[in-house]
Amino acid sequence: MVEPILEFRHVGVTLTGRDGSVNEVSSDVSFSLAPREFVSIVGPSGAGKTTLLRTAAGLRRPTVGEVLFKGEPLSDVQNGISVVFQEYNKSLFPWLSIFKNVAMGARRLSSAERAAHVRAALDAVALSGFESRYPWELSGGMQQRAALARALVSDPQVLMLDEPFASVDALTRGLLEDVVGDLWERSSFASLLVTHDVGEAVYLSDRVLVLSARPSRILADVSIDLPRPRSQGSTRQLKRFVELEAQVLDLVHRAGRTVAGESADA
Amino acid sequence: MIAGSRRAARLRRVGFWALGWVGLGVALLAWQVAAAVDHSPLIPTFTSTLAALWHMLASSFVPSELVPSMIRLVIGFVVSAVIGVVVGLFTGYYRVVRDWTTAVFDFSRSLPTPLLIPVALVLFGLGGTMVVVVIASAAIWPVLINTSNATAALDPTLVDTARCLGLRGPFLLAKVILPAVSPKIFAGLRVAISVSLAVLVVAEILGGSSGIGYFISSAQQSFQITDSYAGVLVLCLLGWIADSVFLFVERRLLVWQRGIVGGGHG
């Protein structure tokens with residue numbers, strides 16, 4: 001078996017509020033992500049998907065268990081892990097042009113190399129010609145593509161996506177899914193996607209992990225045996241796609257029902 | 001946006017601007033008429049005040065009173081701005097620092113500034129140093145509090161994004177936090193400018209050996225009422241120039257912010 005690039009070993013996360021309140025978000029989460037693999041995490045609202053992703057990105061440490069990146073315990077943000085957040089309007093820097101925003105992802109390169117890499121990354125997300133614009137001059141979909149370019153300009157080994165398409169309209173959403181899918185097919189990064197959209201998870205992934213309600217565990221690990229390359233038009237029509245989507249959706253609903261009435265999570 | 005609406009907006013702006021000057025003209029005319037009718041030696045007319053001002057500008061008033069005041073104003077303001085921004089960033093960003101300093105700052109900033117003057121007089125004696133110290137210790141609060149509050153209220157997504165891009169420590173503060181809170185800093189600085197001007201005059205009246213404040217009070221004490229009024233006019237001009245320069249700089253530095261605000265409404 002291939003050495004995983006990212007591995008969760010019995011990870012539990014407990015948030016402690018300033019008032020001393022204790023909130024166990026995840027109890028025991030284990031999974032691994034192989035190089036070049038595309039894995040999605042879905043689960044009922046409040047299952048702590050975003051907290052898990054922040055843990056995977058090294059933004060917070062697990063309370064128990066450990067996260068391994070390339071076999072080493074992850075204790076802080078890492079070179080080689082890039083993250084795209086849901087709220088592009090809060091994650092792009094509004095005081096910088098699109099070019100400079102993307103260049104922030106390539107700070108480790110020399111300035112000559114940087115310009116070439118930034119241009120290539122913008123080209124890859126079809127934003128050539130918008131270098132000197134400011135984020136707020138672009139549409140939501142374009143802003144999220146810029147955020148994607150910034151995440152990929154450093155040529156990461158893992159791309160993490162936290163509900164990356166939740167703030168855009170349905171049509172843009174489909175287009176962005178294909179942008180991510182195509183980039184993933186053409187490059188060599190592994191991807192970890194957190195989403196509440198089951199269809200999106202099935203459409204993009206090799207495997208879909210279903211989380212239980214809080215405190216979350218991995219309830220199911222569903223292999224997505226759909227042919228690649230995929231496209232919105234054909235893949236979503238496949239009988240197998242519909243089956244898988246229904247299967248995962250059912251799992252998510254069951255996970256949500258187990259705590260119906262006792263969870264107050266938004 | 002559209003060129004037509006932009007031109008209309010500019011016309012409207014010019015309209016407001018012109019109205020402002022007409023209002024000022026009416027006020028000055030009222031002063032002129034009231035003083036001429038009253039005929040009291042205690043209220044000089046606007047024109048005689050203007051004549052005194054004209055005379056003063058060619059006299060030793062400029063090098064021995066105006067210039068020292070302006071130097072004190074600038075030094076006091078710059079010192080308060082630099083310390084206020086730096087300390088505000090730290091107290092805002094680090095929760096622990098904020099918890100430790102809140103009470104101290106709340107007490108210190110509620111001290112009425114004139115109260116500092118006798119103390120500063122004892123410590124620094126009559127003259128410029130005392131005035132600068134009093135200005136800085138009064139003008140620092142709006143800057144510090146604004147910077148600190150804005151930093152504490154920053155969206156976590158922005159900070160997470162910056163951390164994932166590998167920014168940390170002083171880089172994080174300088175490249176992301178500082179620009180992100182700069183609109184609030186500017187709001188604080190603008191208040192600090194008018195505080196600086198007010199404190200400058202009070203400190204010079206109470207304990208200066210030169211400067212505009214000193215000039216106004218000694219002119220008044222030697223019954224040169226018109227000169228005293230002319231000094232007040234100089235102060236008005238100084239305040240207006242300082243504010244205009246400030247707004248000009250702000251508009252240049254915060255272009256991106258106007259874009260966001262505009263986009264939010266459109």
# chains A, B, ... in the order shown; residues from 1 in each chain; ligands from 1

$ interface_residues --of "chain A" --to "chain B" --cutoff "10 Å" --atoms "only C-alpha atoms" --output "ChimeraX atom specification"
/A:54,57-59,76-97,104-108,134-137,147,150-151,154

$ write_last_selection --atoms "N, CA and C atoms" --output "compact mmCIF listing (two decimals), in the first residue's frame"
# COMPACT_ATOMS: atom_id res chain seq x y z
N ARG A 54 -9.61 22.35 9.62
CA ARG A 54 -8.62 23.24 10.23
C ARG A 54 -7.54 22.42 10.93
N ALA A 57 -5.25 21.05 8.35
CA ALA A 57 -4.39 22.07 7.76
C ALA A 57 -3.30 22.52 8.73
N GLY A 58 -3.37 22.04 9.97
CA GLY A 58 -2.38 22.45 10.95
C GLY A 58 -2.72 23.76 11.62
N LEU A 59 -3.93 24.26 11.37
CA LEU A 59 -4.34 25.53 11.99
C LEU A 59 -4.68 25.33 13.46
N ASP A 76 1.75 22.42 13.05
CA ASP A 76 1.54 23.81 12.64
C ASP A 76 1.25 23.81 11.13
N VAL A 77 0.91 24.99 10.59
CA VAL A 77 0.69 25.03 9.15
C VAL A 77 1.96 24.59 8.44
N GLN A 78 1.81 23.99 7.27
CA GLN A 78 2.93 23.35 6.59
C GLN A 78 3.05 23.82 5.15
N ASN A 79 4.27 23.99 4.74
CA ASN A 79 4.58 24.05 3.32
C ASN A 79 4.02 22.80 2.67
N GLY A 80 3.33 22.94 1.58
CA GLY A 80 2.85 21.72 0.93
C GLY A 80 1.37 21.48 1.18
N ILE A 81 0.80 22.22 2.13
CA ILE A 81 -0.65 22.14 2.34
C ILE A 81 -1.24 23.51 2.02
N SER A 82 -2.17 23.55 1.10
CA SER A 82 -2.86 24.80 0.78
C SER A 82 -4.33 24.67 1.13
N VAL A 83 -4.93 25.79 1.50
CA VAL A 83 -6.34 25.75 1.90
C VAL A 83 -7.11 26.82 1.13
N VAL A 84 -8.29 26.44 0.66
CA VAL A 84 -9.22 27.42 0.09
C VAL A 84 -10.45 27.45 0.99
N PHE A 85 -10.78 28.64 1.48
CA PHE A 85 -11.90 28.75 2.40
C PHE A 85 -13.19 29.11 1.67
N GLN A 86 -14.28 28.90 2.37
CA GLN A 86 -15.59 29.18 1.79
C GLN A 86 -15.74 30.65 1.43
N GLU A 87 -15.32 31.51 2.37
CA GLU A 87 -15.64 32.92 2.19
C GLU A 87 -14.52 33.62 1.45
N TYR A 88 -14.57 33.54 0.11
CA TYR A 88 -13.53 34.17 -0.68
C TYR A 88 -13.45 35.67 -0.38
N ASN A 89 -14.60 36.27 -0.04
CA ASN A 89 -14.57 37.72 0.20
C ASN A 89 -13.83 38.07 1.48
N LYS A 90 -13.62 37.08 2.35
CA LYS A 90 -12.86 37.36 3.56
C LYS A 90 -11.46 36.79 3.47
N SER A 91 -11.21 35.94 2.49
CA SER A 91 -9.89 35.31 2.45
C SER A 91 -8.98 35.94 1.39
N LEU A 92 -9.56 36.56 0.37
CA LEU A 92 -8.71 37.34 -0.53
C LEU A 92 -8.44 38.68 0.15
N PHE A 93 -7.25 39.22 -0.05
CA PHE A 93 -6.91 40.48 0.61
C PHE A 93 -7.39 41.64 -0.25
N PRO A 94 -8.36 42.40 0.23
CA PRO A 94 -8.98 43.41 -0.64
C PRO A 94 -8.05 44.58 -0.98
N TRP A 95 -6.96 44.73 -0.24
CA TRP A 95 -6.07 45.86 -0.53
C TRP A 95 -5.01 45.47 -1.58
N LEU A 96 -5.02 44.22 -2.02
CA LEU A 96 -4.04 43.78 -3.02
C LEU A 96 -4.74 43.44 -4.33
N SER A 97 -4.04 43.69 -5.43
CA SER A 97 -4.56 43.30 -6.73
C SER A 97 -4.60 41.77 -6.80
N MET A 104 1.07 36.21 -3.01
CA MET A 104 1.23 35.91 -1.58
C MET A 104 1.38 34.41 -1.36
N GLY A 105 0.86 33.61 -2.29
CA GLY A 105 0.99 32.16 -2.16
C GLY A 105 2.35 31.67 -2.62
N ALA A 106 3.12 32.56 -3.26
CA ALA A 106 4.40 32.14 -3.85
C ALA A 106 5.55 32.92 -3.25
N ARG A 107 5.41 33.26 -1.96
CA ARG A 107 6.42 34.12 -1.37
C ARG A 107 7.78 33.44 -1.24
N ARG A 108 7.76 32.11 -1.31
CA ARG A 108 9.04 31.41 -1.12
C ARG A 108 9.90 31.43 -2.38
N TYR A 134 -8.79 44.49 -8.58
CA TYR A 134 -8.91 44.18 -7.16
C TYR A 134 -9.99 43.11 -6.98
N PRO A 135 -9.89 42.31 -5.92
CA PRO A 135 -10.86 41.23 -5.73
C PRO A 135 -12.31 41.70 -5.82
N TRP A 136 -12.60 42.86 -5.20
CA TRP A 136 -14.00 43.31 -5.17
C TRP A 136 -14.49 43.79 -6.53
N GLU A 137 -13.61 43.82 -7.51
CA GLU A 137 -14.05 44.18 -8.86
C GLU A 137 -14.51 42.93 -9.63
N ALA A 147 -8.72 32.69 -5.50
CA ALA A 147 -8.30 32.03 -4.26
C ALA A 147 -7.70 30.66 -4.57
N ARG A 150 -4.23 31.16 -5.91
CA ARG A 150 -3.31 31.47 -4.82
C ARG A 150 -2.93 30.20 -4.06
N ALA A 151 -3.90 29.28 -3.91
CA ALA A 151 -3.61 28.04 -3.18
C ALA A 151 -2.70 27.13 -4.00
N SER A 154 1.78 27.65 -5.14
CA SER A 154 2.93 27.12 -4.42
C SER A 154 3.15 25.64 -4.71

$ select_by_dssp --residues "stretch 27-262 of chain A" --states "strand (DSSP E or B)" --output "number ranges by chain"
A: 27-33, 38-42, 64-69, 72-73, 81-84, 158-162, 190-194, 207-211, 216-223

$ write_last_selection --atoms "C-alpha atoms" --output "PDB file, in the first residue's frame"
ATOM      1  CA  SER A  27     -14.280  11.925  19.270  1.00  0.00           C
ATOM      2  CA  ASP A  28     -12.328   9.446  17.200  1.00  0.00           C
ATOM      3  CA  VAL A  29     -11.605  10.188  13.556  1.00  0.00           C
ATOM      4  CA  SER A  30      -9.213   8.005  11.574  1.00  0.00           C
ATOM      5  CA  PHE A  31      -8.626   8.057   7.849  1.00  0.00           C
ATOM      6  CA  SER A  32      -5.827   8.487   5.380  1.00  0.00           C
ATOM      7  CA  LEU A  33      -5.347  10.360   2.155  1.00  0.00           C
ATOM      8  CA  PHE A  38      -9.459  13.061  -3.943  1.00  0.00           C
ATOM      9  CA  VAL A  39     -11.356  12.527  -0.697  1.00  0.00           C
ATOM     10  CA  SER A  40     -14.449  14.371   0.506  1.00  0.00           C
ATOM     11  CA  ILE A  41     -15.858  14.651   3.992  1.00  0.00           C
ATOM     12  CA  VAL A  42     -19.611  15.043   4.280  1.00  0.00           C
ATOM     13  CA  VAL A  64      -6.216  13.616  21.315  1.00  0.00           C
ATOM     14  CA  GLY A  65      -4.669  11.447  18.624  1.00  0.00           C
ATOM     15  CA  GLU A  66      -2.399  12.746  15.900  1.00  0.00           C
ATOM     16  CA  VAL A  67      -2.341  14.034  12.362  1.00  0.00           C
ATOM     17  CA  LEU A  68       0.547  12.884  10.184  1.00  0.00           C
ATOM     18  CA  PHE A  69       1.683  14.764   7.105  1.00  0.00           C
ATOM     19  CA  GLU A  72       5.536  13.356  10.397  1.00  0.00           C
ATOM     20  CA  PRO A  73       3.238  14.658  13.141  1.00  0.00           C
ATOM     21  CA  ILE A  81      -0.645  22.137   2.340  1.00  0.00           C
ATOM     22  CA  SER A  82      -2.858  24.800   0.784  1.00  0.00           C
ATOM     23  CA  VAL A  83      -6.335  25.755   1.897  1.00  0.00           C
ATOM     24  CA  VAL A  84      -9.222  27.422   0.087  1.00  0.00           C
ATOM     25  CA  VAL A 158      -2.431  18.591  -0.554  1.00  0.00           C
ATOM     26  CA  LEU A 159      -5.179  21.026  -1.481  1.00  0.00           C
ATOM     27  CA  MET A 160      -7.813  21.459   1.205  1.00  0.00           C
ATOM     28  CA  LEU A 161     -11.167  22.923   0.298  1.00  0.00           C
ATOM     29  CA  ASP A 162     -13.572  24.094   2.983  1.00  0.00           C
ATOM     30  CA  ALA A 190      -4.159  15.174  -3.323  1.00  0.00           C
ATOM     31  CA  SER A 191      -7.350  16.905  -2.322  1.00  0.00           C
ATOM     32  CA  LEU A 192      -9.453  16.965   0.820  1.00  0.00           C
ATOM     33  CA  LEU A 193     -12.861  18.556   0.317  1.00  0.00           C
ATOM     34  CA  VAL A 194     -15.283  19.413   3.092  1.00  0.00           C
ATOM     35  CA  ARG A 207     -13.787   8.323  -1.727  1.00  0.00           C
ATOM     36  CA  VAL A 208     -16.436  10.024   0.368  1.00  0.00           C
ATOM     37  CA  LEU A 209     -16.191   9.874   4.162  1.00  0.00           C
ATOM     38  CA  VAL A 210     -19.441  10.295   6.055  1.00  0.00           C
ATOM     39  CA  LEU A 211     -19.188  11.839   9.511  1.00  0.00           C
ATOM     40  CA  SER A 216     -18.117  12.943  15.193  1.00  0.00           C
ATOM     41  CA  ARG A 217     -16.583   9.721  14.018  1.00  0.00           C
ATOM     42  CA  ILE A 218     -16.232   8.368  10.499  1.00  0.00           C
ATOM     43  CA  LEU A 219     -19.467   6.513   9.897  1.00  0.00           C
ATOM     44  CA  ALA A 220     -18.761   5.240   6.416  1.00  0.00           C
ATOM     45  CA  ASP A 221     -16.038   5.298   3.780  1.00  0.00           C
ATOM     46  CA  VAL A 222     -17.673   5.061   0.359  1.00  0.00           C
ATOM     47  CA  SER A 223     -15.543   4.337  -2.716  1.00  0.00           C
TER      48      SER A 223
END

$ atom_distance --atom1 "atom CA of B:Phe77" --atom2 "atom CA of B:Ala198"
11.7 Å

$ residues_around --residues "stretch 171-181 of chain A" --least-positions-apart "6" --cutoff "7 Å" --atoms "only C-alpha atoms" --output "ChimeraX atom specification"
/A:125,141,165,204

$ write_last_selection --atoms "N, CA and C atoms" --output "PDB file, in the first residue's frame"
ATOM      1  N   VAL A 125      -6.620  29.044 -14.052  1.00  0.00           N
ATOM      2  CA  VAL A 125      -8.007  29.233 -13.614  1.00  0.00           C
ATOM      3  C   VAL A 125      -8.725  30.241 -14.505  1.00  0.00           C
ATOM      4  N   GLY A 141     -17.563  33.985  -8.424  1.00  0.00           N
ATOM      5  CA  GLY A 141     -16.900  32.828  -9.013  1.00  0.00           C
ATOM      6  C   GLY A 141     -15.458  33.137  -9.383  1.00  0.00           C
ATOM      7  N   PHE A 165     -17.488  26.168  -2.588  1.00  0.00           N
ATOM      8  CA  PHE A 165     -18.444  26.681  -3.572  1.00  0.00           C
ATOM      9  C   PHE A 165     -19.777  27.038  -2.934  1.00  0.00           C
ATOM     10  N   LEU A 204     -16.833  14.721  -7.450  1.00  0.00           N
ATOM     11  CA  LEU A 204     -15.407  15.032  -7.521  1.00  0.00           C
ATOM     12  C   LEU A 204     -14.487  13.933  -6.982  1.00  0.00           C
TER      13      LEU A 204
END

$ atom_distance --atom1 "atom CA of A:Asp206" --atom2 "atom CA of A:Ile224"
5.1 Å

$ select_by_dssp --residues "stretch 4-198 of chain A" --states "helix (DSSP H, G or I)" --output "MDAnalysis selection string"
chainID A and resid 49:56 88:91 98:106 111:124 135:137 140:152 170:186 198

$ residues_around --residues "stretch 141-143 of chain B" --least-positions-apart "2" --cutoff "8 Å" --atoms "only C-alpha atoms" --output "list in words"
Ser80, Ala81, Gly84, Val85, Gly88, Arg109, Ser137, Ala138, Ala139, Ile145, Asn146, Thr147, Ile185, Gly188, Leu189, Val191 and Ala192 of chain B

$ atom_distance --atom1 "atom CA of B:Asp38" --atom2 "atom CA of B:Ala51"
19.2 Å

$ residues_around --residues "B:Gly125" --least-positions-apart "6" --cutoff "10 Å" --atoms "only C-alpha atoms" --output "list of chain:residue names"
B:Pro118, B:Val119, B:Val131, B:Gly207, B:Gly208

$ closest_residue --among "B:Ser194, B:Thr101, B:Ser210, B:Gln224" --to "B:Leu238" --atoms "only C-alpha atoms"
B:Ser194

$ closest_residue --among "A:Arg36, A:Arg18, A:Arg230, A:Arg257" --to "A:Pro156" --atoms "only C-alpha atoms"
A:Arg36

$ residues_around --residues "B:Leu235" --least-positions-apart "6" --cutoff "12 Å" --atoms "only C-alpha atoms" --output "list of chain:residue names"
B:Leu53, B:Glu65, B:Leu66, B:Ser69, B:Met70, B:Leu73, B:Ser194, B:Ser196, B:Leu197, B:Ala198, B:Leu200, B:Val201, B:Gly211, B:Ile212, B:Gly213, B:Phe215, B:Ile216, B:Ser228, B:Tyr229, B:Ile241, B:Ala242

$ write_last_selection --atoms "N, CA and C atoms" --output "PDB file, in the first residue's frame"
ATOM      1  N   LEU B  53      -3.742  89.572  11.020  1.00  0.00           N
ATOM      2  CA  LEU B  53      -3.174  88.282  10.626  1.00  0.00           C
ATOM      3  C   LEU B  53      -2.131  88.488   9.525  1.00  0.00           C
ATOM      4  N   GLU B  65       6.638  81.663  16.854  1.00  0.00           N
ATOM      5  CA  GLU B  65       5.427  81.077  17.452  1.00  0.00           C
ATOM      6  C   GLU B  65       4.844  79.955  16.589  1.00  0.00           C
ATOM      7  N   LEU B  66       4.598  80.255  15.319  1.00  0.00           N
ATOM      8  CA  LEU B  66       3.901  79.296  14.451  1.00  0.00           C
ATOM      9  C   LEU B  66       4.727  78.031  14.212  1.00  0.00           C
ATOM     10  N   SER B  69       5.091  75.689  17.203  1.00  0.00           N
ATOM     11  CA  SER B  69       3.816  74.996  17.445  1.00  0.00           C
ATOM     12  C   SER B  69       3.621  73.854  16.469  1.00  0.00           C
ATOM     13  N   MET B  70       3.921  74.124  15.187  1.00  0.00           N
ATOM     14  CA  MET B  70       3.713  73.090  14.185  1.00  0.00           C
ATOM     15  C   MET B  70       4.643  71.903  14.414  1.00  0.00           C
ATOM     16  N   LEU B  73       3.257  69.925  17.247  1.00  0.00           N
ATOM     17  CA  LEU B  73       2.053  69.228  16.798  1.00  0.00           C
ATOM     18  C   LEU B  73       2.427  67.962  16.032  1.00  0.00           C
ATOM     19  N   SER B 194      -7.242  66.148  15.731  1.00  0.00           N
ATOM     20  CA  SER B 194      -7.942  67.267  16.359  1.00  0.00           C
ATOM     21  C   SER B 194      -7.654  67.316  17.861  1.00  0.00           C
ATOM     22  N   SER B 196      -4.801  66.453  19.155  1.00  0.00           N
ATOM     23  CA  SER B 196      -3.446  67.027  19.228  1.00  0.00           C
ATOM     24  C   SER B 196      -3.503  68.547  19.185  1.00  0.00           C
ATOM     25  N   LEU B 197      -4.320  69.066  18.287  1.00  0.00           N
ATOM     26  CA  LEU B 197      -4.404  70.511  18.117  1.00  0.00           C
ATOM     27  C   LEU B 197      -4.967  71.176  19.383  1.00  0.00           C
ATOM     28  N   ALA B 198      -6.024  70.572  19.909  1.00  0.00           N
ATOM     29  CA  ALA B 198      -6.642  71.138  21.118  1.00  0.00           C
ATOM     30  C   ALA B 198      -5.663  71.112  22.282  1.00  0.00           C
ATOM     31  N   LEU B 200      -2.415  70.929  22.164  1.00  0.00           N
ATOM     32  CA  LEU B 200      -1.306  71.846  21.878  1.00  0.00           C
ATOM     33  C   LEU B 200      -1.599  73.232  22.457  1.00  0.00           C
ATOM     34  N   VAL B 201      -2.769  73.744  22.146  1.00  0.00           N
ATOM     35  CA  VAL B 201      -3.116  75.099  22.574  1.00  0.00           C
ATOM     36  C   VAL B 201      -3.203  75.194  24.089  1.00  0.00           C
ATOM     37  N   GLY B 211       4.854  79.690  21.045  1.00  0.00           N
ATOM     38  CA  GLY B 211       3.813  78.932  20.363  1.00  0.00           C
ATOM     39  C   GLY B 211       2.524  79.720  20.225  1.00  0.00           C
ATOM     40  N   ILE B 212       1.614  79.190  19.396  1.00  0.00           N
ATOM     41  CA  ILE B 212       0.372  79.908  19.117  1.00  0.00           C
ATOM     42  C   ILE B 212      -0.463  80.097  20.380  1.00  0.00           C
ATOM     43  N   GLY B 213      -0.584  79.044  21.180  1.00  0.00           N
ATOM     44  CA  GLY B 213      -1.367  79.137  22.414  1.00  0.00           C
ATOM     45  C   GLY B 213      -0.808  80.224  23.324  1.00  0.00           C
ATOM     46  N   PHE B 215       1.015  82.718  22.417  1.00  0.00           N
ATOM     47  CA  PHE B 215       0.810  84.002  21.746  1.00  0.00           C
ATOM     48  C   PHE B 215      -0.601  84.524  21.989  1.00  0.00           C
ATOM     49  N   ILE B 216      -1.585  83.670  21.828  1.00  0.00           N
ATOM     50  CA  ILE B 216      -2.979  84.089  22.002  1.00  0.00           C
ATOM     51  C   ILE B 216      -3.208  84.572  23.426  1.00  0.00           C
ATOM     52  N   SER B 228      -5.010  88.575  19.283  1.00  0.00           N
ATOM     53  CA  SER B 228      -5.484  87.348  19.900  1.00  0.00           C
ATOM     54  C   SER B 228      -6.461  86.627  18.969  1.00  0.00           C
ATOM     55  N   TYR B 229      -7.379  87.404  18.390  1.00  0.00           N
ATOM     56  CA  TYR B 229      -8.333  86.833  17.431  1.00  0.00           C
ATOM     57  C   TYR B 229      -7.613  86.293  16.193  1.00  0.00           C
ATOM     58  N   ILE B 241      -6.178  72.752   7.512  1.00  0.00           N
ATOM     59  CA  ILE B 241      -5.138  72.222   6.617  1.00  0.00           C
ATOM     60  C   ILE B 241      -4.763  70.807   7.033  1.00  0.00           C
ATOM     61  N   ALA B 242      -4.573  70.597   8.333  1.00  0.00           N
ATOM     62  CA  ALA B 242      -4.184  69.267   8.820  1.00  0.00           C
ATOM     63  C   ALA B 242      -5.229  68.230   8.405  1.00  0.00           C
TER      64      ALA B 242
END
